[in-house]
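Colleague: Next up is a structure, given as structure tokens.
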Amino acid sequence: MNQPHPVFPANRHALYEAHGYSAAIRSGDLLFVSGQVGSRADGSPEPDFAAQVQLAFDNLEATLAAAGCTFADLIDVTTFHTDPEKQFSTIMQVKQSVFPQPPYPNWTAVGVNWLAGFDFEIKVIARIPIVQD
């Protein structure tokens, strides 16, 4: 039976230790990534919204890379937004740079009223590629 294994990016931020969670859990050929936010190394939010969204995707990319994955391996994406109507166009600009063409992963966007000082969070499930020898 496969045991779940925690995965952390090389330059992990302070939030993992401060709040006691793993960046991701590998279980078999699946990677379950915790919500990634636009946090600086000290765990504080990036104040500029567009930069915060980009940093959340950068933090996600680092976590995926630590498990041998890329954005192409994403199966399911859930994003959380504190003000979806005002934020949507900014988020879409970053999203389109990360996913410029099909196939696109599943995507669910959820409006929330609190993200611990952040305005955007992204969590994903990815399939870990099989490495051929």
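Chain labels follow the order of the structure tokens: the first chain is A, the next B, and so on; residue numbering restarts at 1 in every chain, and ligands are counted from 1 in their shown order.
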Env of region 11-18 of chain A: 8 Å cut, atoms = only C-alpha atoms, seq-sep filter 4 positions within chain, self excluded. Answer as a list in words.

Modeller: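 Selected residues are Ser22, Ala23, Ser39, Arg40, Ala41, Asp42 and Gly43 of chain A.
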
Colleague: Per residue of region 25-106 of chain A within 10 Å of region 117-131 of chain A, which atom pair is closest and at what distance in Å (one decimal), using only C-alpha atoms, listed by chain and increasing number, as CSV?

Modeller:
residue,atom,partner,partner_atom,distance
A:Ile25,CA,A:Ile125,CA,9.8
A:Arg26,CA,A:Ile128,CA,8.5
A:Ser27,CA,A:Ile128,CA,9.5
A:Gly28,CA,A:Ile128,CA,8.4
A:Asp29,CA,A:Ile128,CA,5.0
A:Leu30,CA,A:Arg127,CA,4.6
A:Leu31,CA,A:Ala126,CA,5.0
A:Phe32,CA,A:Ile125,CA,4.7
A:Val33,CA,A:Val124,CA,5.3
A:Ser34,CA,A:Lys123,CA,5.4
A:Gly35,CA,A:Lys123,CA,4.1
A:Gln36,CA,A:Ile122,CA,5.2
A:Val37,CA,A:Glu121,CA,4.7
A:Gly38,CA,A:Phe118,CA,7.3
A:Ser39,CA,A:Phe118,CA,8.2
A:Ser44,CA,A:Gly117,CA,8.3
A:Pro45,CA,A:Phe118,CA,5.8
A:Glu46,CA,A:Phe118,CA,8.0
A:Pro47,CA,A:Phe118,CA,8.5
A:Asp48,CA,A:Asp119,CA,9.9
A:Phe49,CA,A:Asp119,CA,7.3
A:Ala50,CA,A:Phe120,CA,9.8
A:Gln52,CA,A:Phe120,CA,7.4
A:Val53,CA,A:Phe120,CA,6.3
A:Gln54,CA,A:Phe120,CA,9.9
A:Ala56,CA,A:Glu121,CA,6.9
A:Phe57,CA,A:Ile122,CA,7.7
A:Asn59,CA,A:Ile122,CA,9.8
A:Leu60,CA,A:Ile122,CA,7.8
A:Leu64,CA,A:Ala126,CA,8.2
A:Ala67,CA,A:Ile128,CA,7.2
A:Gly68,CA,A:Ile128,CA,6.8
A:Cys69,CA,A:Ile128,CA,5.9
A:Thr70,CA,A:Ala126,CA,8.6
A:Phe71,CA,A:Ala126,CA,8.3
A:Ala72,CA,A:Ala126,CA,8.7
A:Asp73,CA,A:Ala126,CA,5.3
A:Leu74,CA,A:Ala126,CA,4.2
A:Ile75,CA,A:Ala126,CA,5.2
A:Asp76,CA,A:Ile125,CA,5.2
A:Val77,CA,A:Val124,CA,4.5
A:Thr78,CA,A:Lys123,CA,5.4
A:Thr79,CA,A:Ile122,CA,4.4
A:Phe80,CA,A:Glu121,CA,5.1
A:His81,CA,A:Phe120,CA,5.0
A:Thr82,CA,A:Asp119,CA,5.2
A:Asp83,CA,A:Asp119,CA,7.6
A:Pro84,CA,A:Phe120,CA,9.4
A:Gln87,CA,A:Asp119,CA,8.9
A:Ile91,CA,A:Phe120,CA,8.8
A:Pro105,CA,A:Ala126,CA,9.5
A:Asn106,CA,A:Val124,CA,9.6

Colleague: Report the residues of chain A whose backbone DSSP state falls under strand (DSSP E or B), written as JSON, numbers by chain.

Modeller: {"A": [5, 6, 7, 24, 25, 26, 27, 30, 31, 32, 33, 34, 35, 36, 37, 39, 45, 74, 75, 76, 77, 78, 79, 80, 81, 106, 107, 108, 109, 110, 111, 120, 121, 122, 123, 124, 125, 126, 127]}

Colleague: Apply DSSP to the structure's backbone, then extract all residues of region 64-98 of chain A labelled alpha helix (DSSP H) and return them as a ChimeraX atom specification.

Modeller: /A:64-66,84-98

Colleague: Could you tell me how far CA of Pro103 (chain A) sits from CA of Ala51 (chain A), in Å to one decimal place?

Modeller: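 About the pair CA of Ala51 (chain A) and CA of Pro103 (chain A): they are 25.5 Å apart.
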
Colleague: Quick one, how far is CA of Leu115 (chain A) from CA of Ala24 (chain A)?

Modeller: 18.6 Å

Colleague: So how far away is CA of Thr108 (chain A) from CA of Asp58 (chain A), in Å?

Modeller: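 These two atoms are separated by 19.3 Å.
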